[in-house]
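Colleague: This is upload35.pdb, which holds PDB, C-alpha atoms:
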ATOM      1  CA  MET I   1     103.542 174.039  69.577  1.00  0.00           C
ATOM      2  CA  GLN I   2     100.270 175.937  69.512  1.00  0.00           C
ATOM      3  CA  LYS I   3      99.003 178.144  72.343  1.00  0.00           C
ATOM      4  CA  ASP I   4      96.781 175.322  73.614  1.00  0.00           C
ATOM      5  CA  GLY I   5      99.773 172.983  73.914  1.00  0.00           C
ATOM      6  CA  ALA I   6      98.933 170.928  70.843  1.00  0.00           C
ATOM      7  CA  THR I   7     101.932 169.727  68.877  1.00  0.00           C
ATOM      8  CA  ALA I   8     102.182 168.735  65.232  1.00  0.00           C
ATOM      9  CA  VAL I   9     101.901 165.081  66.366  1.00  0.00           C
ATOM     10  CA  PHE I  10      98.717 165.973  68.228  1.00  0.00           C
ATOM     11  CA  ALA I  11      97.219 167.731  65.194  1.00  0.00           C
ATOM     12  CA  ALA I  12      98.122 164.899  62.796  1.00  0.00           C
ATOM     13  CA  SER I  13      96.630 162.379  65.253  1.00  0.00           C
ATOM     14  CA  GLU I  14      93.408 164.317  65.684  1.00  0.00           C
ATOM     15  CA  TRP I  15      92.944 164.676  61.931  1.00  0.00           C
ATOM     16  CA  GLY I  16      94.059 161.111  61.142  1.00  0.00           C
ATOM     17  CA  HIS I  17      97.013 161.912  58.885  1.00  0.00           C
ATOM     18  CA  GLY I  18      98.975 158.657  59.150  1.00  0.00           C
ATOM     19  CA  GLU I  19     101.681 159.530  56.620  1.00  0.00           C
ATOM     20  CA  VAL I  20     102.327 162.847  58.338  1.00  0.00           C
ATOM     21  CA  LEU I  21     102.519 161.072  61.698  1.00  0.00           C
ATOM     22  CA  GLN I  22     105.166 158.710  60.323  1.00  0.00           C
ATOM     23  CA  LEU I  23     107.202 161.678  59.090  1.00  0.00           C
ATOM     24  CA  LEU I  24     106.902 163.395  62.462  1.00  0.00           C
ATOM     25  CA  PHE I  25     107.930 160.237  64.309  1.00  0.00           C
ATOM     26  CA  ALA I  26     110.948 159.879  62.034  1.00  0.00           C
ATOM     27  CA  ALA I  27     111.900 163.434  63.028  1.00  0.00           C
ATOM     28  CA  GLY I  28     111.560 162.613  66.744  1.00  0.00           C
ATOM     29  CA  GLY I  29     107.939 163.589  67.420  1.00  0.00           C
ATOM     30  CA  ALA I  30     106.714 162.569  70.886  1.00  0.00           C
ATOM     31  CA  THR I  31     103.532 160.591  71.551  1.00  0.00           C
ATOM     32  CA  GLU I  32     102.901 161.586  75.169  1.00  0.00           C
ATOM     33  CA  LEU I  33     103.012 165.394  75.257  1.00  0.00           C
ATOM     34  CA  LEU I  34      99.904 166.769  76.907  1.00  0.00           C
ATOM     35  CA  ARG I  35      97.640 169.488  75.627  1.00  0.00           C
ATOM     36  CA  TYR I  36      96.356 172.121  78.137  1.00  0.00           C
ATOM     37  CA  ASP I  37      93.400 169.881  79.059  1.00  0.00           C
ATOM     38  CA  GLY I  38      95.516 166.774  79.697  1.00  0.00           C
ATOM     39  CA  ALA I  39      94.753 165.137  76.364  1.00  0.00           C
ATOM     40  CA  THR I  40      97.426 163.149  74.555  1.00  0.00           C
ATOM     41  CA  PRO I  41      97.621 162.542  70.803  1.00  0.00           C
ATOM     42  CA  LEU I  42      96.118 159.078  71.458  1.00  0.00           C
ATOM     43  CA  VAL I  43      93.150 160.669  73.213  1.00  0.00           C
ATOM     44  CA  ALA I  44      92.604 162.944  70.198  1.00  0.00           C
ATOM     45  CA  ALA I  45      92.874 160.086  67.689  1.00  0.00           C
ATOM     46  CA  ALA I  46      90.525 157.834  69.691  1.00  0.00           C
ATOM     47  CA  ALA I  47      87.904 160.538  70.203  1.00  0.00           C
ATOM     48  CA  GLN I  48      87.819 161.293  66.476  1.00  0.00           C
ATOM     49  CA  GLY I  49      87.758 157.627  65.411  1.00  0.00           C
ATOM     50  CA  ARG I  50      91.140 157.807  63.670  1.00  0.00           C
ATOM     51  CA  GLU I  51      92.003 154.101  63.504  1.00  0.00           C
ATOM     52  CA  VAL I  52      95.249 154.420  61.519  1.00  0.00           C
ATOM     53  CA  ALA I  53      96.550 157.189  63.782  1.00  0.00           C
ATOM     54  CA  THR I  54      95.534 155.196  66.874  1.00  0.00           C
ATOM     55  CA  LYS I  55      97.426 152.128  65.669  1.00  0.00           C
ATOM     56  CA  LEU I  56     100.505 154.182  64.738  1.00  0.00           C
ATOM     57  CA  LEU I  57     100.553 155.835  68.161  1.00  0.00           C
ATOM     58  CA  ILE I  58     100.179 152.492  69.914  1.00  0.00           C
ATOM     59  CA  ASP I  59     102.961 150.994  67.782  1.00  0.00           C
ATOM     60  CA  ARG I  60     105.102 153.991  68.713  1.00  0.00           C
ATOM     61  CA  GLY I  61     104.550 153.263  72.427  1.00  0.00           C
ATOM     62  CA  ALA I  62     101.648 155.524  73.389  1.00  0.00           C
ATOM     63  CA  ASP I  63     100.271 154.405  76.745  1.00  0.00           C
ATOM     64  CA  VAL I  64      96.657 153.267  76.289  1.00  0.00           C
ATOM     65  CA  ASN I  65      96.185 153.449  80.070  1.00  0.00           C
ATOM     66  CA  ALA I  66      98.040 156.682  80.800  1.00  0.00           C
ATOM     67  CA  PRO I  67      96.485 158.502  83.711  1.00  0.00           C
ATOM     68  CA  ALA I  68      94.352 161.069  81.963  1.00  0.00           C
ATOM     69  CA  SER I  69      91.048 162.719  82.570  1.00  0.00           C
ATOM     70  CA  MET I  70      89.861 161.306  79.248  1.00  0.00           C
ATOM     71  CA  PRO I  71      90.630 157.587  78.755  1.00  0.00           C
ATOM     72  CA  PRO I  72      90.931 156.826  75.017  1.00  0.00           C
ATOM     73  CA  LEU I  73      88.776 153.679  75.297  1.00  0.00           C
ATOM     74  CA  CYS I  74      85.889 155.626  76.843  1.00  0.00           C
ATOM     75  CA  LEU I  75      86.039 158.244  74.110  1.00  0.00           C
ATOM     76  CA  ALA I  76      86.216 155.640  71.336  1.00  0.00           C
ATOM     77  CA  CYS I  77      83.205 153.809  72.815  1.00  0.00           C
ATOM     78  CA  LYS I  78      81.317 157.087  73.237  1.00  0.00           C
ATOM     79  CA  GLY I  79      81.803 157.812  69.541  1.00  0.00           C
ATOM     80  CA  GLY I  80      81.091 154.240  68.401  1.00  0.00           C
ATOM     81  CA  HIS I  81      84.509 153.912  66.735  1.00  0.00           C
ATOM     82  CA  LEU I  82      84.688 150.105  66.506  1.00  0.00           C
ATOM     83  CA  GLY I  83      88.118 149.853  64.827  1.00  0.00           C
ATOM     84  CA  VAL I  84      89.649 152.150  67.431  1.00  0.00           C
ATOM     85  CA  VAL I  85      87.972 150.231  70.269  1.00  0.00           C
ATOM     86  CA  ARG I  86      89.381 146.982  68.862  1.00  0.00           C
ATOM     87  CA  ALA I  87      92.905 148.467  68.560  1.00  0.00           C
ATOM     88  CA  LEU I  88      92.827 149.858  72.099  1.00  0.00           C
ATOM     89  CA  LEU I  89      91.571 146.605  73.606  1.00  0.00           C
ATOM     90  CA  ALA I  90      94.201 144.660  71.662  1.00  0.00           C
ATOM     91  CA  ALA I  91      96.804 146.948  73.265  1.00  0.00           C
ATOM     92  CA  ARG I  92      95.315 146.085  76.695  1.00  0.00           C
ATOM     93  CA  ALA I  93      93.372 149.279  77.385  1.00  0.00           C
ATOM     94  CA  ARG I  94      91.504 148.942  80.674  1.00  0.00           C
ATOM     95  CA  ALA I  95      87.822 148.258  80.144  1.00  0.00           C
ATOM     96  CA  ASP I  96      87.112 149.515  83.676  1.00  0.00           C
ATOM     97  CA  SER I  97      88.374 153.027  82.991  1.00  0.00           C
ATOM     98  CA  ASP I  98      86.086 155.904  83.869  1.00  0.00           C
ATOM     99  CA  TYR I  99      85.171 159.106  82.056  1.00  0.00           C
ATOM    100  CA  MET I 100      82.565 161.418  83.572  1.00  0.00           C
ATOM    101  CA  GLY I 101      81.302 158.605  85.767  1.00  0.00           C
ATOM    102  CA  ARG I 102      80.822 156.043  82.982  1.00  0.00           C
ATOM    103  CA  THR I 103      82.791 153.013  81.872  1.00  0.00           C
ATOM    104  CA  PRO I 104      83.532 152.225  78.208  1.00  0.00           C
ATOM    105  CA  LEU I 105      80.681 149.695  78.245  1.00  0.00           C
ATOM    106  CA  GLN I 106      78.262 152.311  79.541  1.00  0.00           C
ATOM    107  CA  TRP I 107      79.383 154.873  76.938  1.00  0.00           C
ATOM    108  CA  ALA I 108      78.897 152.360  74.124  1.00  0.00           C
ATOM    109  CA  ALA I 109      75.464 151.370  75.448  1.00  0.00           C
ATOM    110  CA  ALA I 110      74.357 154.975  75.978  1.00  0.00           C
ATOM    111  CA  GLY I 111      75.252 155.782  72.383  1.00  0.00           C
ATOM    112  CA  GLY I 112      73.515 152.691  71.012  1.00  0.00           C
ATOM    113  CA  HIS I 113      76.789 151.374  69.585  1.00  0.00           C
ATOM    114  CA  GLU I 114      75.889 147.675  69.615  1.00  0.00           C
ATOM    115  CA  GLN I 115      79.106 146.331  68.112  1.00  0.00           C
ATOM    116  CA  CYS I 116      81.212 148.304  70.592  1.00  0.00           C
ATOM    117  CA  VAL I 117      79.070 146.968  73.454  1.00  0.00           C
ATOM    118  CA  ILE I 118      79.656 143.414  72.252  1.00  0.00           C
ATOM    119  CA  LEU I 119      83.392 143.922  71.823  1.00  0.00           C
ATOM    120  CA  VAL I 120      83.903 145.512  75.257  1.00  0.00           C
ATOM    121  CA  ARG I 121      81.606 142.985  76.925  1.00  0.00           C
ATOM    122  CA  ASP I 122      83.524 140.106  75.353  1.00  0.00           C
ATOM    123  CA  ALA I 123      86.846 141.658  76.380  1.00  0.00           C
ATOM    124  CA  ILE I 124      85.604 141.947  79.964  1.00  0.00           C
ATOM    125  CA  ARG I 125      84.366 138.356  79.957  1.00  0.00           C
ATOM    126  CA  SER I 126      87.666 137.047  78.621  1.00  0.00           C
ATOM    127  CA  GLY I 127      89.767 138.983  81.093  1.00  0.00           C
ATOM    128  CA  GLY I 128      90.698 141.806  78.756  1.00  0.00           C
ATOM    129  CA  SER I 129      91.666 139.993  75.573  1.00  0.00           C
ATOM    130  CA  VAL I 130      90.023 140.868  72.283  1.00  0.00           C
ATOM    131  CA  PRO I 131      88.287 138.075  70.391  1.00  0.00           C
ATOM    132  CA  GLU I 132      89.911 137.328  67.049  1.00  0.00           C
ATOM    133  CA  SER I 133      86.622 137.105  65.158  1.00  0.00           C
ATOM    134  CA  LYS I 134      84.262 139.937  64.439  1.00  0.00           C
ATOM    135  CA  PRO I 135      81.672 140.625  67.140  1.00  0.00           C
ATOM    136  CA  GLU I 136      78.417 138.717  66.801  1.00  0.00           C
ATOM    137  CA  ARG I 137      75.372 140.593  65.628  1.00  0.00           C
ATOM    138  CA  VAL I 138      72.894 141.702  68.278  1.00  0.00           C
ATOM    139  CA  GLU I 139      69.230 141.251  67.583  1.00  0.00           C
ATOM    140  CA  ARG I 140      67.584 144.658  67.972  1.00  0.00           C
ATOM    141  CA  GLY I 141      65.594 144.943  71.136  1.00  0.00           C
ATOM    142  CA  ARG I 142      67.213 141.950  72.866  1.00  0.00           C
ATOM    143  CA  ARG I 143      68.687 143.287  76.055  1.00  0.00           C
ATOM    144  CA  ASP I 144      69.887 139.943  77.400  1.00  0.00           C
ATOM    145  CA  ASP I 145      72.855 140.183  74.998  1.00  0.00           C
ATOM    146  CA  VAL I 146      74.466 142.955  77.063  1.00  0.00           C
ATOM    147  CA  SER I 147      75.388 143.122  80.707  1.00  0.00           C
ATOM    148  CA  ASP I 148      72.950 144.398  83.296  1.00  0.00           C
ATOM    149  CA  GLU I 149      75.090 147.522  83.641  1.00  0.00           C
ATOM    150  CA  ALA I 150      74.802 148.364  79.941  1.00  0.00           C
ATOM    151  CA  SER I 151      71.112 147.399  79.808  1.00  0.00           C
ATOM    152  CA  SER I 152      70.136 149.614  82.711  1.00  0.00           C
ATOM    153  CA  GLU I 153      72.033 152.519  81.162  1.00  0.00           C
ATOM    154  CA  ALA I 154      70.287 152.075  77.812  1.00  0.00           C
ATOM    155  CA  SER I 155      66.848 151.439  79.324  1.00  0.00           C
ATOM    156  CA  SER I 156      66.861 154.766  81.139  1.00  0.00           C
ATOM    157  CA  ARG I 157      67.058 156.713  77.872  1.00  0.00           C
ATOM    158  CA  PRO I 158      63.923 157.614  75.926  1.00  0.00           C
ATOM    159  CA  GLY I 159      63.895 156.081  72.479  1.00  0.00           C
ATOM    160  CA  THR I 160      65.637 152.869  73.547  1.00  0.00           C
ATOM    161  CA  PRO I 161      64.059 149.478  74.236  1.00  0.00           C
ATOM    162  CA  GLY I 162      62.657 149.613  77.742  1.00  0.00           C
ATOM    163  CA  GLY I 163      62.948 153.402  77.867  1.00  0.00           C
ATOM    164  CA  ARG I 164      60.747 154.332  74.916  1.00  0.00           C
ATOM    165  CA  SER I 165      58.158 157.030  75.414  1.00  0.00           C
ATOM    166  CA  ARG I 166      54.586 156.389  74.353  1.00  0.00           C
ATOM    167  CA  GLY I 167      54.512 156.749  70.616  1.00  0.00           C
ATOM    168  CA  ASP I 168      54.539 154.941  67.314  1.00  0.00           C
ATOM    169  CA  SER I 169      56.672 151.912  66.486  1.00  0.00           C
ATOM    170  CA  LYS I 170      59.693 154.123  65.833  1.00  0.00           C
ATOM    171  CA  GLY I 171      59.521 155.857  69.203  1.00  0.00           C
ATOM    172  CA  ARG I 172      58.129 159.117  67.809  1.00  0.00           C
ATOM    173  CA  THR I 173      55.697 160.982  69.977  1.00  0.00           C
ATOM    174  CA  SER I 174      53.438 163.900  69.429  1.00  0.00           C
ATOM    175  CA  PRO I 175      54.036 167.076  71.466  1.00  0.00           C
ATOM    176  CA  GLY I 176      51.412 165.953  73.985  1.00  0.00           C
ATOM    177  CA  GLY I 177      53.155 162.622  74.575  1.00  0.00           C
ATOM    178  CA  GLY I 178      50.569 160.576  72.678  1.00  0.00           C
ATOM    179  CA  ARG I 179      50.914 158.568  69.512  1.00  0.00           C
ATOM    180  CA  ALA I 180      52.294 160.475  66.517  1.00  0.00           C
ATOM    181  CA  LYS I 181      49.711 160.936  63.802  1.00  0.00           C
ATOM    182  CA  LYS I 182      50.414 160.482  60.122  1.00  0.00           C
ATOM    183  CA  SER I 183      49.838 163.588  58.084  1.00  0.00           C
ATOM    184  CA  SER I 184      47.019 163.473  55.576  1.00  0.00           C
ATOM    185  CA  GLY I 185      49.304 164.652  52.801  1.00  0.00           C
ATOM    186  CA  GLY I 186      48.172 168.257  52.888  1.00  0.00           C
TER
END
Can you dump the structure from the file as C-alpha coordinates?
Modeller:
Amino acid sequence: MQKDGATAVFAASEWGHGEVLQLLFAAGGATELLRYDGATPLVAAAAQGREVATKLLIDRGADVNAPASMPPLCLACKGGHLGVVRALLAARARADSDYMGRTPLQWAAAGGHEQCVILVRDAIRSGGSVPESKPERVERGRRDDVSDEASSEASSRPGTPGGRSRGDSKGRTSPGGGRAKKSSGG
(Lines of atoms letter the chains of each structure in order from A and count residues from 1; the text may use other names and numbers.)
(Lines give C-alpha, C1' and ligand atoms only; values in the text may rest on other atoms or scores of the structure.)
Protein backbone atom coordinates (compact mmCIF):
# COMPACT_ATOMS: atom_id res chain seq x y z
CA MET A 1 0.00 0.00 0.00
CA GLN A 2 1.23 3.47 -0.87
CA LYS A 3 1.31 6.40 1.55
CA ASP A 4 -1.97 7.73 0.13
CA GLY A 5 -3.72 4.42 0.84
CA ALA A 6 -3.77 3.26 -2.77
CA THR A 7 -3.32 -0.46 -3.23
CA ALA A 8 -2.05 -2.38 -6.24
CA VAL A 9 -5.71 -3.06 -7.16
CA PHE A 10 -6.38 0.67 -7.00
CA ALA A 11 -3.40 1.48 -9.23
CA ALA A 12 -4.27 -1.21 -11.80
CA SER A 13 -7.88 0.04 -11.84
CA GLU A 14 -6.89 3.66 -12.31
CA TRP A 15 -4.54 2.81 -15.16
CA GLY A 16 -6.89 0.26 -16.75
CA HIS A 17 -4.64 -2.80 -16.57
CA GLY A 18 -7.24 -5.57 -16.82
CA GLU A 19 -4.80 -8.49 -16.93
CA VAL A 20 -2.98 -7.19 -13.87
CA LEU A 21 -6.30 -6.78 -12.07
CA GLN A 22 -7.17 -10.41 -12.78
CA LEU A 23 -3.82 -11.51 -11.36
CA LEU A 24 -4.35 -9.39 -8.25
CA PHE A 25 -7.86 -10.75 -7.76
CA ALA A 26 -6.54 -14.30 -8.07
CA ALA A 27 -4.08 -13.44 -5.28
CA GLY A 28 -6.88 -12.09 -3.06
CA GLY A 29 -6.86 -8.39 -3.97
CA ALA A 30 -9.78 -6.44 -2.47
CA THR A 31 -12.13 -4.21 -4.47
CA GLU A 32 -13.42 -1.97 -1.67
CA LEU A 33 -10.34 -0.64 0.13
CA LEU A 34 -10.48 3.13 0.38
CA ARG A 35 -7.78 5.59 -0.52
CA TYR A 36 -7.18 8.58 1.85
CA ASP A 37 -9.86 10.62 0.05
CA GLY A 38 -12.53 7.90 0.23
CA ALA A 39 -12.08 6.73 -3.35
CA THR A 40 -12.40 3.05 -4.21
CA PRO A 41 -10.76 1.29 -7.16
CA LEU A 42 -14.14 1.54 -8.96
CA VAL A 43 -14.15 5.31 -8.47
CA ALA A 44 -10.65 5.50 -9.97
CA ALA A 45 -11.55 3.30 -12.95
CA ALA A 46 -14.78 5.22 -13.65
CA ALA A 47 -13.14 8.64 -13.41
CA GLN A 48 -10.43 7.62 -15.88
CA GLY A 49 -12.84 5.94 -18.32
CA ARG A 50 -11.34 2.47 -17.81
CA GLU A 51 -14.19 0.31 -19.13
CA VAL A 52 -12.45 -3.07 -18.82
CA ALA A 53 -11.32 -2.34 -15.26
CA THR A 54 -14.80 -1.07 -14.36
CA LYS A 55 -16.43 -4.25 -15.65
CA LEU A 56 -13.88 -6.47 -13.87
CA LEU A 57 -14.45 -4.65 -10.58
CA ILE A 58 -18.21 -4.91 -10.95
CA ASP A 59 -17.93 -8.62 -11.77
CA ARG A 60 -15.77 -9.01 -8.68
CA GLY A 61 -18.51 -7.45 -6.53
CA ALA A 62 -17.52 -3.78 -6.29
CA ASP A 63 -20.48 -1.78 -5.00
CA VAL A 64 -21.56 0.72 -7.67
CA ASN A 65 -23.59 2.58 -5.03
CA ALA A 66 -21.14 2.45 -2.12
CA PRO A 67 -21.46 5.51 0.05
CA ALA A 68 -18.61 7.64 -1.20
CA SER A 69 -17.97 11.29 -1.70
CA MET A 70 -17.38 10.57 -5.38
CA PRO A 71 -20.07 8.36 -7.00
CA PRO A 72 -18.56 6.45 -9.95
CA LEU A 73 -21.53 7.24 -12.22
CA CYS A 74 -21.12 10.99 -11.68
CA LEU A 75 -17.42 10.82 -12.48
CA ALA A 76 -17.98 8.70 -15.59
CA CYS A 77 -20.64 11.14 -16.83
CA LYS A 78 -18.40 14.11 -16.03
CA GLY A 79 -15.68 12.61 -18.20
CA GLY A 80 -18.04 11.49 -20.98
CA HIS A 81 -16.99 7.83 -20.62
CA LEU A 82 -19.96 6.20 -22.38
CA GLY A 83 -18.85 2.56 -21.99
CA VAL A 84 -18.26 3.05 -18.28
CA VAL A 85 -21.61 4.82 -17.87
CA ARG A 86 -23.33 1.91 -19.63
CA ALA A 87 -21.55 -0.67 -17.41
CA LEU A 88 -22.41 1.20 -14.22
CA LEU A 89 -26.06 1.64 -15.17
CA ALA A 90 -26.27 -2.04 -16.13
CA ALA A 91 -25.01 -2.84 -12.62
CA ARG A 92 -27.82 -0.62 -11.21
CA ALA A 93 -25.80 2.46 -10.28
CA ARG A 94 -28.14 5.14 -8.94
CA ALA A 95 -28.80 7.85 -11.50
CA ASP A 96 -29.84 10.21 -8.69
CA SER A 97 -26.44 10.17 -7.01
CA ASP A 98 -24.83 13.50 -6.25
CA TYR A 99 -21.29 14.80 -6.65
CA MET A 100 -20.53 18.43 -5.83
CA GLY A 101 -24.21 19.28 -6.08
CA ARG A 102 -24.80 17.73 -9.52
CA THR A 103 -26.44 14.53 -10.68
CA PRO A 104 -24.94 12.26 -13.36
CA LEU A 105 -27.35 13.78 -15.89
CA GLN A 106 -26.20 17.28 -15.01
CA TRP A 107 -22.51 16.31 -15.24
CA ALA A 108 -23.04 14.77 -18.68
CA ALA A 109 -24.98 17.83 -19.87
CA ALA A 110 -22.44 20.29 -18.46
CA GLY A 111 -19.66 18.51 -20.31
CA GLY A 112 -21.61 18.35 -23.57
CA HIS A 113 -21.53 14.55 -23.54
CA GLU A 114 -24.68 13.97 -25.61
CA GLN A 115 -24.57 10.17 -25.68
CA CYS A 116 -24.12 10.01 -21.91
CA VAL A 117 -27.06 12.40 -21.46
CA ILE A 118 -29.23 10.15 -23.62
CA LEU A 119 -28.16 6.99 -21.82
CA VAL A 120 -28.74 8.39 -18.32
CA ARG A 121 -32.00 10.04 -19.36
CA ASP A 122 -33.26 6.77 -20.82
CA ALA A 123 -32.20 4.88 -17.69
CA ILE A 124 -34.12 7.36 -15.54
CA ARG A 125 -37.19 7.09 -17.75
CA SER A 126 -37.15 3.30 -17.64
CA GLY A 127 -36.72 3.12 -13.89
CA GLY A 128 -32.99 2.51 -13.91
CA SER A 129 -32.58 -0.15 -16.58
CA VAL A 130 -30.19 0.37 -19.46
CA PRO A 131 -31.61 0.13 -22.97
CA GLU A 132 -30.16 -2.76 -24.95
CA SER A 133 -29.64 -0.72 -28.12
CA LYS A 134 -27.18 2.07 -28.60
CA PRO A 135 -28.42 5.53 -27.61
CA GLU A 136 -30.15 7.49 -30.36
CA ARG A 137 -28.29 10.35 -31.94
CA VAL A 138 -29.15 13.84 -30.75
CA GLU A 139 -29.53 16.56 -33.32
CA ARG A 140 -27.14 19.36 -32.37
CA GLY A 141 -28.91 22.32 -30.91
CA ARG A 142 -32.15 20.47 -30.12
CA ARG A 143 -32.69 20.88 -26.42
CA ASP A 144 -36.05 19.12 -26.29
CA ASP A 145 -34.18 15.78 -26.46
CA VAL A 146 -32.89 16.18 -22.89
CA SER A 147 -34.70 16.79 -19.65
CA ASP A 148 -35.38 20.30 -18.41
CA GLU A 149 -32.78 19.74 -15.69
CA ALA A 150 -30.04 18.94 -18.21
CA SER A 151 -31.16 21.69 -20.60
CA SER A 152 -31.09 24.40 -17.97
CA GLU A 153 -27.63 23.28 -16.88
CA ALA A 154 -26.30 23.38 -20.44
CA SER A 155 -28.05 26.64 -21.34
CA SER A 156 -26.35 28.52 -18.53
CA ARG A 157 -22.89 27.86 -19.99
CA PRO A 158 -21.41 30.16 -22.62
CA GLY A 159 -20.73 28.36 -25.87
CA THR A 160 -23.77 26.08 -25.61
CA PRO A 161 -27.11 26.44 -27.39
CA GLY A 162 -29.12 28.97 -25.44
CA GLY A 163 -26.06 30.16 -23.54
CA ARG A 164 -23.88 31.30 -26.43
CA SER A 165 -22.23 34.69 -26.18
CA ARG A 166 -22.56 37.12 -29.06
CA GLY A 167 -20.17 35.94 -31.71
CA ASP A 168 -19.79 34.04 -34.94
CA SER A 169 -21.57 30.80 -35.81
CA LYS A 170 -19.05 28.79 -33.78
CA GLY A 171 -19.55 30.81 -30.61
CA ARG A 172 -16.25 32.69 -30.91
CA THR A 173 -16.21 36.25 -29.72
CA SER A 174 -13.76 39.05 -29.99
CA PRO A 175 -12.24 40.45 -26.77
CA GLY A 176 -14.87 43.21 -26.73
CA GLY A 177 -17.73 40.71 -26.88
CA GLY A 178 -18.63 41.47 -30.50
CA ARG A 179 -18.45 39.28 -33.55
CA ALA A 180 -15.05 37.70 -34.23
CA LYS A 181 -13.43 39.08 -37.35
CA LYS A 182 -11.66 36.96 -39.92
CA SER A 183 -8.03 37.85 -40.35
CA SER A 184 -7.02 39.30 -43.69
CA GLY A 185 -4.24 36.76 -44.07
CA GLY A 186 -1.46 39.08 -42.99
Colleague: I'd like to know which of I:Leu24, I:Leu88, I:Met100, I:Ala66 is closest to Ala123 of chain I, using only C-alpha atoms.
Modeller: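 Under the stated criterion, the closest residue is I:Leu88.
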Colleague: I:Asp63, I:Asp98, I:Glu114, I:Glu51: which is nearest Arg86 of chain I, counting all atoms listed in the file?
Modeller: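 Smallest separation from Arg86 of chain I among the options: I:Glu51.
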Colleague: Which residues, named as in the file, does the PyMOL selection byres ((chain I and resi 84) around 8) pick out? Answer as a PyMOL selection string.
Modeller: chain I and resi 46+49-51+54-55+76+81-83+85-88
Colleague: Run the PyMOL selection byres ((chain I and resi 26-38) around 7) against the file shown and list the residues it catches, as a PDB file with C-alpha atoms, keeping the file's coordinate frame.
Modeller:
ATOM      1  CA  ASP I   4      96.781 175.322  73.614  1.00  0.00           C
ATOM      2  CA  GLY I   5      99.773 172.983  73.914  1.00  0.00           C
ATOM      3  CA  ALA I   6      98.933 170.928  70.843  1.00  0.00           C
ATOM      4  CA  VAL I   9     101.901 165.081  66.366  1.00  0.00           C
ATOM      5  CA  GLN I  22     105.166 158.710  60.323  1.00  0.00           C
ATOM      6  CA  LEU I  23     107.202 161.678  59.090  1.00  0.00           C
ATOM      7  CA  LEU I  24     106.902 163.395  62.462  1.00  0.00           C
ATOM      8  CA  PHE I  25     107.930 160.237  64.309  1.00  0.00           C
ATOM      9  CA  ALA I  39      94.753 165.137  76.364  1.00  0.00           C
ATOM     10  CA  THR I  40      97.426 163.149  74.555  1.00  0.00           C
ATOM     11  CA  PRO I  41      97.621 162.542  70.803  1.00  0.00           C
ATOM     12  CA  LEU I  57     100.553 155.835  68.161  1.00  0.00           C
ATOM     13  CA  ALA I  62     101.648 155.524  73.389  1.00  0.00           C
ATOM     14  CA  ALA I  68      94.352 161.069  81.963  1.00  0.00           C
ATOM     15  CA  SER I  69      91.048 162.719  82.570  1.00  0.00           C
TER      16      SER I  69
END
Colleague: Which of these residues is nearest to Asp59 of chain I, using all atoms listed in the file: I:Thr7, I:Glu14, I:Ala44, I:Leu21?
Modeller: I:Leu21
Colleague: Determine the nearest neighbour of Val20 of chain I from the options I:Arg102, I:Val52, I:Asp122, I:Ile58, counting all atoms listed in the file.
Modeller: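 Nearest candidate to Val20 of chain I out of I:Arg102, I:Val52, I:Asp122, I:Ile58: I:Val52.
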Colleague: At what distance in Å, to one decimal, does atom CA of Gln48 of chain I lie from atom CA of Ser13 of chain I?
Modeller: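 These two atoms are separated by 9.0 Å.
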Colleague: Which residues match the PyMOL selection byres ((chain I and resi 104) around 7) in the file above, as JSON, numbers by chain?
Modeller: {"I": [73, 74, 77, 95, 97, 102, 103, 105, 106, 107, 108]}
Colleague: Generate the output file for the selected residues, C-alpha atoms, as a tab-separated table (two decimals), keeping the file's coordinate frame.
Modeller:
chain	number	residue	atom	x	y	z
I	73	LEU	CA	88.78	153.68	75.30
I	74	CYS	CA	85.89	155.63	76.84
I	77	CYS	CA	83.20	153.81	72.82
I	95	ALA	CA	87.82	148.26	80.14
I	97	SER	CA	88.37	153.03	82.99
I	102	ARG	CA	80.82	156.04	82.98
I	103	THR	CA	82.79	153.01	81.87
I	105	LEU	CA	80.68	149.70	78.24
I	106	GLN	CA	78.26	152.31	79.54
I	107	TRP	CA	79.38	154.87	76.94
I	108	ALA	CA	78.90	152.36	74.12
Colleague: Work out how far atom CA of Val64 of chain I is from atom CA of Gly127 of chain I, in Å to one decimal.
Modeller: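 A separation of 16.6 Å between them.
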Colleague: Using only C-alpha atoms for the distances, tell me which of I:His113, I:Leu56, I:Asn65, I:Ala90 is nearest to Glu19 of chain I.
Modeller: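 Smallest separation from Glu19 of chain I among the options: I:Leu56.
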Colleague: Considering all atoms listed in the file, state which residue in the set I:Gly16, I:Gly112, I:Arg125, I:Pro67 is at the smallest distance from Gly79 of chain I.
Modeller: I:Gly112
Colleague: Just the number, please: distance in Å from atom CA of Ala12 of chain I to atom CA of Ala110 of chain I, one decimal.
Modeller: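 Value for the atom CA of Ala12 of chain I-atom CA of Ala110 of chain I distance: 28.9 Å.
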